$ cat query_11.cif   # mmCIF, C-alpha atoms
data_entry
loop_
_atom_site.label_atom_id
_atom_site.label_comp_id
_atom_site.auth_asym_id
_atom_site.auth_seq_id
_atom_site.Cartn_x
_atom_site.Cartn_y
_atom_site.Cartn_z
CA MET Q 634 -6.88 15.64 24.44
CA THR Q 635 -7.92 15.46 20.84
CA VAL Q 636 -5.98 13.83 18.06
CA THR Q 637 -5.05 16.53 15.59
CA ALA Q 638 -3.73 16.13 12.09
CA GLY Q 639 -0.25 16.89 13.39
CA TRP Q 640 -0.21 13.60 15.30
CA TYR Q 641 -0.98 11.68 12.16
CA LEU Q 642 1.68 13.60 10.27
CA ALA Q 643 4.23 12.83 12.97
CA LEU Q 644 3.33 9.15 12.88
CA ALA Q 645 3.57 9.20 9.08
CA ALA Q 646 7.02 10.78 9.32
CA LEU Q 647 8.12 8.10 11.76
CA LEU Q 648 6.85 5.31 9.50
CA PHE Q 649 8.57 6.93 6.54
CA VAL Q 650 11.87 7.08 8.40
CA ILE Q 651 11.58 3.41 9.36
CA GLY Q 652 10.86 2.53 5.75
CA ALA Q 653 13.79 4.58 4.52
CA ALA Q 654 16.03 2.82 7.04
CA GLY Q 655 14.93 -0.55 5.71
CA MET Q 656 15.53 0.57 2.14
CA LEU Q 657 19.03 1.78 2.95
CA LEU Q 658 20.18 -0.91 5.34
CA ARG Q 659 18.71 -4.19 4.15
CA ARG Q 660 20.05 -6.30 1.30
CA ASN Q 661 17.13 -8.58 0.59
CA PRO Q 662 15.23 -7.20 -2.42
CA LEU Q 663 11.92 -8.40 -0.98
CA VAL Q 664 12.46 -6.59 2.28
CA MET Q 665 13.57 -3.52 0.38
CA PHE Q 666 10.33 -3.66 -1.57
CA MET Q 667 8.34 -3.91 1.62
CA SER Q 668 10.18 -0.86 2.90
CA VAL Q 669 9.08 1.02 -0.20
CA GLU Q 670 5.51 -0.01 0.56
CA LEU Q 671 5.97 1.28 4.08
CA MET Q 672 7.13 4.66 2.80
CA LEU Q 673 4.22 4.86 0.36
CA ASN Q 674 1.78 4.11 3.16
CA ALA Q 675 3.32 6.80 5.32
CA ALA Q 676 2.82 9.28 2.50
CA ASN Q 677 -0.77 8.08 2.06
CA LEU Q 678 -1.49 8.56 5.73
CA SER Q 679 -0.26 12.13 5.62
CA PHE Q 680 -2.37 12.75 2.49
CA VAL Q 681 -5.51 11.56 4.24
CA ALA Q 682 -4.80 13.42 7.48
CA ALA Q 683 -4.02 16.68 5.71
CA GLY Q 684 -7.03 16.32 3.43
CA ARG Q 685 -9.30 15.88 6.43
CA GLN Q 686 -7.81 18.91 8.13
CA LEU Q 687 -8.28 21.04 5.03
CA GLY Q 688 -11.77 19.72 4.41
CA VAL Q 689 -11.09 18.56 0.86
CA LEU Q 690 -11.29 15.20 -0.82
CA ASP Q 691 -8.15 15.72 -2.89
CA GLY Q 692 -6.08 13.86 -0.32
CA GLN Q 693 -8.17 10.75 -0.69
CA ALA Q 694 -8.08 11.00 -4.47
CA ALA Q 695 -4.28 11.24 -4.31
CA VAL Q 696 -4.19 8.16 -2.06
CA PHE Q 697 -6.26 6.29 -4.61
CA PHE Q 698 -3.75 7.05 -7.37
CA VAL Q 699 -0.79 6.25 -5.16
CA MET Q 700 -2.33 2.88 -4.41
CA VAL Q 701 -2.79 2.09 -8.09
CA VAL Q 702 0.78 3.05 -8.92
CA ALA Q 703 2.06 1.06 -5.93
CA ALA Q 704 0.16 -2.01 -7.05
CA ALA Q 705 1.63 -1.74 -10.56
CA GLU Q 706 5.09 -1.21 -9.09
CA VAL Q 707 4.80 -4.25 -6.83
CA VAL Q 708 3.67 -6.48 -9.67
CA VAL Q 709 6.51 -5.49 -11.97
CA GLY Q 710 9.11 -5.44 -9.18
CA LEU Q 711 8.23 -8.87 -7.90
CA ALA Q 712 8.28 -10.22 -11.46
CA ILE Q 713 11.78 -8.81 -11.86
CA ILE Q 714 12.87 -10.37 -8.56
CA VAL Q 715 11.52 -13.75 -9.62
CA ALA Q 716 13.15 -13.47 -13.05
CA VAL Q 717 16.50 -12.56 -11.51
CA PHE Q 718 16.20 -15.31 -8.94
CA ARG Q 719 15.52 -17.91 -11.63
CA ARG Q 720 18.69 -16.94 -13.45
CA ARG Q 721 21.04 -16.18 -10.60
CA ALA Q 722 19.53 -18.03 -7.64
CA THR Q 723 20.43 -15.28 -5.24
CA ALA Q 724 18.37 -13.21 -2.85
CA SER Q 725 20.82 -10.42 -2.18
CA VAL Q 726 21.24 -7.26 -4.17
CA ASP Q 727 24.94 -7.23 -3.39
CA GLU Q 728 25.49 -10.20 -5.65
CA LEU Q 729 23.74 -8.50 -8.52
CA SER Q 730 26.58 -6.15 -9.32
CA GLY Q 731 27.01 -7.51 -12.85
CA LEU Q 732 25.07 -4.66 -14.37
CA LYS Q 733 27.71 -2.11 -13.49
CA GLY Q 734 29.81 -3.31 -16.41
CA MET P 558 -11.54 10.26 23.42
CA VAL P 559 -12.27 7.18 21.37
CA GLU P 560 -10.04 8.52 18.64
CA LEU P 561 -7.24 9.09 21.14
CA VAL P 562 -7.41 5.51 22.41
CA LEU P 563 -7.55 4.17 18.86
CA PHE P 564 -4.64 6.36 17.85
CA VAL P 565 -2.42 5.22 20.71
CA ILE P 566 -3.16 1.53 20.25
CA PHE P 567 -2.81 1.44 16.50
CA ALA P 568 0.12 3.85 16.36
CA LEU P 569 2.02 1.44 18.60
CA ALA P 570 0.90 -1.45 16.39
CA ALA P 571 1.93 0.39 13.24
CA VAL P 572 5.37 1.28 14.55
CA PHE P 573 5.89 -2.23 15.89
CA GLY P 574 4.90 -3.69 12.53
CA ALA P 575 7.17 -1.29 10.67
CA VAL P 576 10.16 -2.10 12.88
CA THR P 577 9.44 -5.80 12.46
CA THR P 578 9.35 -5.33 8.70
CA VAL P 579 12.76 -3.73 8.66
CA TRP P 580 14.38 -5.75 11.41
CA ALA P 581 13.19 -9.33 10.96
CA ARG P 582 15.68 -11.77 9.50
CA ASN P 583 13.00 -13.95 8.02
CA PRO P 584 11.14 -12.24 5.15
CA VAL P 585 7.90 -13.94 6.21
CA TYR P 586 8.04 -12.08 9.51
CA SER P 587 8.73 -8.92 7.55
CA ALA P 588 5.61 -9.51 5.48
CA LEU P 589 3.49 -10.15 8.58
CA GLY P 590 4.83 -7.00 10.24
CA LEU P 591 4.02 -5.01 7.13
CA MET P 592 0.52 -6.47 7.15
CA LEU P 593 0.06 -5.28 10.75
CA THR P 594 1.17 -1.80 9.74
CA LEU P 595 -1.18 -1.77 6.76
CA PHE P 596 -4.16 -2.74 8.90
CA SER P 597 -3.27 -0.06 11.44
CA VAL P 598 -3.07 2.54 8.69
CA ALA P 599 -6.50 1.37 7.51
CA VAL P 600 -7.82 2.09 11.02
CA PHE P 601 -6.33 5.58 10.81
CA TYR P 602 -8.08 6.10 7.49
CA VAL P 603 -11.39 5.21 9.12
CA SER P 604 -10.82 7.61 12.00
CA ASN P 605 -10.01 10.30 9.43
CA GLY P 606 -13.30 9.72 7.67
CA ALA P 607 -11.80 8.04 4.62
CA HIS P 608 -13.95 4.92 4.66
CA PHE P 609 -13.58 3.97 1.03
CA VAL P 610 -9.80 4.38 1.13
CA ALA P 611 -9.72 2.18 4.22
CA ALA P 612 -11.68 -0.54 2.43
CA VAL P 613 -9.36 -0.34 -0.57
CA GLN P 614 -6.38 -0.46 1.76
CA VAL P 615 -7.55 -3.71 3.32
CA LEU P 616 -8.64 -5.27 0.04
CA VAL P 617 -5.77 -4.25 -2.21
CA TYR P 618 -2.82 -3.78 0.11
CA ALA P 619 -3.35 -6.15 2.99
CA GLY P 620 -5.10 -8.61 0.71
CA ALA P 621 -3.75 -8.76 -2.80
CA VAL P 622 -0.34 -7.13 -2.49
CA MET P 623 0.66 -9.00 0.65
CA THR P 624 -0.54 -12.29 -0.82
CA LEU P 625 1.67 -11.61 -3.81
CA PHE P 626 4.58 -10.84 -1.50
CA LEU P 627 4.08 -14.07 0.42
CA PHE P 628 3.87 -16.05 -2.81
CA VAL P 629 7.15 -14.61 -4.02
CA ILE P 630 8.80 -15.15 -0.64
CA MET P 631 7.83 -18.80 -0.80
CA LEU P 632 8.99 -19.01 -4.41
CA VAL P 633 12.37 -17.40 -3.79
CA GLY P 634 12.88 -19.38 -0.61
CA VAL P 635 12.84 -18.30 2.98
CA ASP P 636 15.52 -20.66 4.23
CA ARG P 637 18.49 -18.73 2.92
CA ALA P 638 19.55 -16.42 5.70
CA GLU P 639 20.49 -12.93 4.70
CA ASP P 640 24.13 -12.11 5.04
CA ARG P 641 24.31 -8.97 7.12
CA LYS P 642 27.90 -8.29 6.22
CA GLU P 643 28.10 -4.93 4.55
CA ASN P 644 30.08 -4.94 1.31
CA LEU P 645 30.11 -1.21 0.74
CA PRO P 646 32.18 0.25 3.57
CA VAL P 647 30.64 3.70 3.73
CA GLN P 648 27.04 2.65 3.13
CA ARG P 649 25.95 1.98 6.70
CA PRO P 650 27.33 5.11 8.42
CA LEU P 651 26.17 7.18 5.48
CA ALA P 652 22.67 5.72 5.73
CA LEU P 653 22.50 6.37 9.46
CA GLY P 654 23.73 9.93 8.91
CA LEU P 655 21.08 10.53 6.27
CA LEU P 656 18.40 9.13 8.54
CA ALA P 657 19.50 11.38 11.39
CA LEU P 658 19.40 14.32 8.99
CA PHE P 659 15.90 13.41 7.86
CA GLY P 660 14.68 13.02 11.43
CA ALA P 661 16.12 16.42 12.31
CA ALA P 662 14.39 17.92 9.27
CA VAL P 663 11.08 16.42 10.39
CA LEU P 664 11.55 17.82 13.88
CA VAL P 665 12.35 21.26 12.47
CA ALA P 666 9.35 21.11 10.14
CA GLY P 667 7.17 20.19 13.11
CA ARG P 668 7.81 23.59 14.59
CA PHE P 669 5.94 25.26 11.75
CA THR P 670 2.25 25.17 11.12
CA TRP P 671 1.69 22.13 8.96
CA VAL P 672 -1.87 22.47 7.84
CA THR P 673 -4.36 25.24 8.28
CA GLY P 674 -8.05 25.66 7.79
CA GLU P 675 -11.20 24.35 9.35
CA PRO P 676 -11.38 20.73 10.43
CA PHE P 677 -13.22 18.31 8.24
CA PRO P 678 -16.96 18.91 8.70
CA GLY P 679 -18.54 15.50 8.38
CA ASP P 680 -18.76 12.22 6.56
CA GLU P 681 -17.71 13.22 3.11
CA GLY P 682 -15.34 10.31 2.77
CA THR P 683 -18.06 8.12 1.40
CA VAL P 684 -17.79 6.21 -1.83
CA GLU P 685 -20.26 8.60 -3.40
CA ALA P 686 -18.31 11.76 -2.69
CA LEU P 687 -14.96 10.26 -3.62
CA GLY P 688 -16.45 8.71 -6.75
CA SER P 689 -17.85 11.98 -8.03
CA GLU P 690 -14.52 13.61 -7.26
CA LEU P 691 -12.61 10.91 -9.15
CA PHE P 692 -14.88 10.81 -12.17
CA ARG P 693 -15.27 14.55 -12.54
CA ARG P 694 -12.06 16.30 -11.65
CA TRP P 695 -9.67 13.40 -11.95
CA VAL P 696 -11.18 11.45 -14.82
CA LEU P 697 -8.14 11.76 -17.08
CA PRO P 698 -5.64 10.55 -14.44
CA PHE P 699 -8.11 7.80 -13.65
CA GLU P 700 -8.05 6.57 -17.23
CA LEU P 701 -4.27 6.87 -17.24
CA THR P 702 -4.08 4.54 -14.25
CA ALA P 703 -6.05 2.00 -16.28
CA LEU P 704 -3.42 2.29 -19.00
CA LEU P 705 -0.67 1.98 -16.39
CA LEU P 706 -2.17 -1.19 -14.98
CA ILE P 707 -2.46 -2.73 -18.44
CA ILE P 708 1.17 -1.88 -19.15
CA ALA P 709 2.23 -3.37 -15.81
CA ALA P 710 0.30 -6.57 -16.45
CA ALA P 711 1.73 -6.90 -19.97
CA GLY P 712 5.23 -6.22 -18.69
CA THR P 713 4.88 -8.84 -15.99
CA ILE P 714 3.76 -11.44 -18.50
CA ALA P 715 6.69 -10.49 -20.75
CA LEU P 716 9.09 -10.89 -17.83
CA GLY P 717 7.65 -14.30 -17.12
CA LEU P 718 8.19 -15.32 -20.71
CA PHE P 719 11.78 -14.11 -20.97
CA HIS P 720 13.08 -17.23 -19.33
CA HIS P 721 11.71 -19.53 -22.00
CA ALA P 722 12.87 -17.26 -24.79
CA GLY P 723 16.47 -17.31 -23.47
CA GLU P 724 19.26 -19.52 -24.71
CA GLU P 725 19.17 -22.06 -21.91
CA PRO P 726 16.14 -24.28 -21.83
CA PRO P 727 14.76 -24.81 -18.34
CA ASP P 728 16.39 -27.83 -16.80
CA GLU P 729 14.92 -30.38 -14.50
CA GLU P 730 15.95 -28.95 -11.16
CA GLU P 731 13.78 -25.95 -11.82
CA ALA P 732 10.87 -28.09 -12.81
CA ALA P 733 11.11 -29.94 -9.53
#

$ encode --input "query_11.cif" --output "structure tokens"
Amino acid sequence: MTVTAGWYLALAALLFVIGAAGMLLRRNPLVMFMSVELMLNAANLSFVAAGRQLGVLDGQAAVFFVMVVAAAEVVVGLAIIVAVFRRRATASVDELSGLKG
Amino acid sequence: MVELVLFVIFALAAVFGAVTTVWARNPVYSALGLMLTLFSVAVFYVSNGAHFVAAVQVLVYAGAVMTLFLFVIMLVGVDRAEDRKENLPVQRPLALGLLALFGAAVLVAGRFTWVTGEPFPGDEGTVEALGSELFRRWVLPFELTALLLIIAAAGTIALGLFHHAGEEPPDEEEAA
């Protein structure tokens, strides 16, 4: 039995669903961020698997750019979490409802 | 055969790590679970011929990004347990419904042909091939990512400085 690209795509879909569940159900901003990373990695995995199946390198190039954007996003997001935590001393997004006016 | 064994082992590891990330009460366990998933995905990159992407995955994701996560977890404090009480009454059933919908959509999509074409011929996932691809076809997006990274770094420094520019000077309990 050979491992086809469909297996990787199914695994990527499963990882994406788990990440989406974490994003929707958790209230810790750090864990929510990690769930976003999980979803990005699932998308990357499907890029690579599909690119291999199609015989093109575009998938890997896309993964490269996704990684750069994810790194930038993590840096800014964690800085925001730290800044909020310094001011409010809370680690739950439910207590940060002050922005709704 | 080797790929099948690798796939089974590391798919289980990846799913276990992902579930740990979402389920663990302690954010440190979440970070470690995510690290396990990232390493497993790196293994999948290797078995798909994407050697350079796998190296970058280990170096950037499992190395730098997860170190940053662990730093922030330690800074914010791991001892405060997360309150699992849901404040928005419809959020949890709505989220589960959406997830079920998404899973159903994935299952339906799996019935179609996902990708077509000949399988990947050989080892074209080398640094050389990917580099020439990046610097020829994708050179403008590549430069834009450099700009994006500079903006992100500058924004992070600005966020770090906001505190001292605010009205309240930092008091002693924060210095401790």

$ residues_near_point --input "query_11.cif" --point "(-2.5, 11.3, 10.2)" --cutoff "8 Å" --atoms "only C-alpha atoms" --output "count of residues only"
17

$ interface_residues --input "query_11.cif" --of "chain Q" --to "chain P" --cutoff "6 Å" --atoms "all atoms listed in the file" --output "PyMOL selection string"
chain Q and resi 636+655+685-688+705+709+712

$ resolve_selection --input "query_11.cif" --expression "the PyMOL selection byres ((chain Q and resi 668) around 7)" --output "list in words"
Gly652, Ala653, Gly655, Met656, Val664, Met665, Phe666, Met667, Val669, Glu670, Leu671 and Met672 of chain Q; Val579 of chain P

$ atom_distance --input "query_11.cif" --atom1 "atom CA of Q:Asp727" --atom2 "atom CA of Q:Asn661"
8.9 Å

$ atom_distance --input "query_11.cif" --atom1 "atom CA of P:Thr624" --atom2 "atom CA of Q:Phe649"
22.5 Å

$ decode --input "query_11.cif" --residues "stretch 686-728 of chain Q" --atoms "C-alpha atoms" --output "tab-separated table (two decimals), in the first residue's frame"
chain	number	residue	atom	x	y	z
Q	686	GLN	CA	1.73	15.14	-6.73
Q	687	LEU	CA	1.62	17.77	-9.46
Q	688	GLY	CA	5.37	17.73	-9.93
Q	689	VAL	CA	5.84	21.45	-9.37
Q	690	LEU	CA	7.82	23.44	-6.86
Q	691	ASP	CA	5.15	26.09	-6.41
Q	692	GLY	CA	3.82	24.31	-3.34
Q	693	GLN	CA	7.15	24.57	-1.59
Q	694	ALA	CA	7.51	28.21	-2.57
Q	695	ALA	CA	4.06	28.89	-1.11
Q	696	VAL	CA	5.07	27.11	2.11
Q	697	PHE	CA	8.13	29.32	2.32
Q	698	PHE	CA	6.00	32.48	2.15
Q	699	VAL	CA	3.45	31.11	4.59
Q	700	MET	CA	6.25	30.44	7.05
Q	701	VAL	CA	7.56	33.99	6.76
Q	702	VAL	CA	4.12	35.49	7.28
Q	703	ALA	CA	3.48	33.13	10.20
Q	704	ALA	CA	6.73	34.16	11.85
Q	705	ALA	CA	5.84	37.85	11.50
Q	706	GLU	CA	2.36	37.16	12.83
Q	707	VAL	CA	3.69	35.28	15.85
Q	708	VAL	CA	6.12	38.03	16.72
Q	709	VAL	CA	3.52	40.79	16.59
Q	710	GLY	CA	0.82	38.68	18.25
Q	711	LEU	CA	2.99	37.66	21.16
Q	712	ALA	CA	4.10	41.27	21.61
Q	713	ILE	CA	0.44	42.28	21.79
Q	714	ILE	CA	-0.27	39.54	24.33
Q	715	VAL	CA	2.63	40.66	26.49
Q	716	ALA	CA	1.59	44.32	26.22
Q	717	VAL	CA	-1.99	43.48	27.18
Q	718	PHE	CA	-0.83	41.26	30.01
Q	719	ARG	CA	1.36	44.02	31.43
Q	720	ARG	CA	-1.58	46.39	31.56
Q	721	ARG	CA	-4.42	44.08	32.50
Q	722	ALA	CA	-2.68	41.10	34.11
Q	723	THR	CA	-5.10	38.65	32.59
Q	724	ALA	CA	-4.61	35.62	30.40
Q	725	SER	CA	-8.15	35.20	29.14
Q	726	VAL	CA	-9.67	36.84	26.12
Q	727	ASP	CA	-13.05	36.93	27.85
Q	728	GLU	CA	-11.81	39.60	30.21
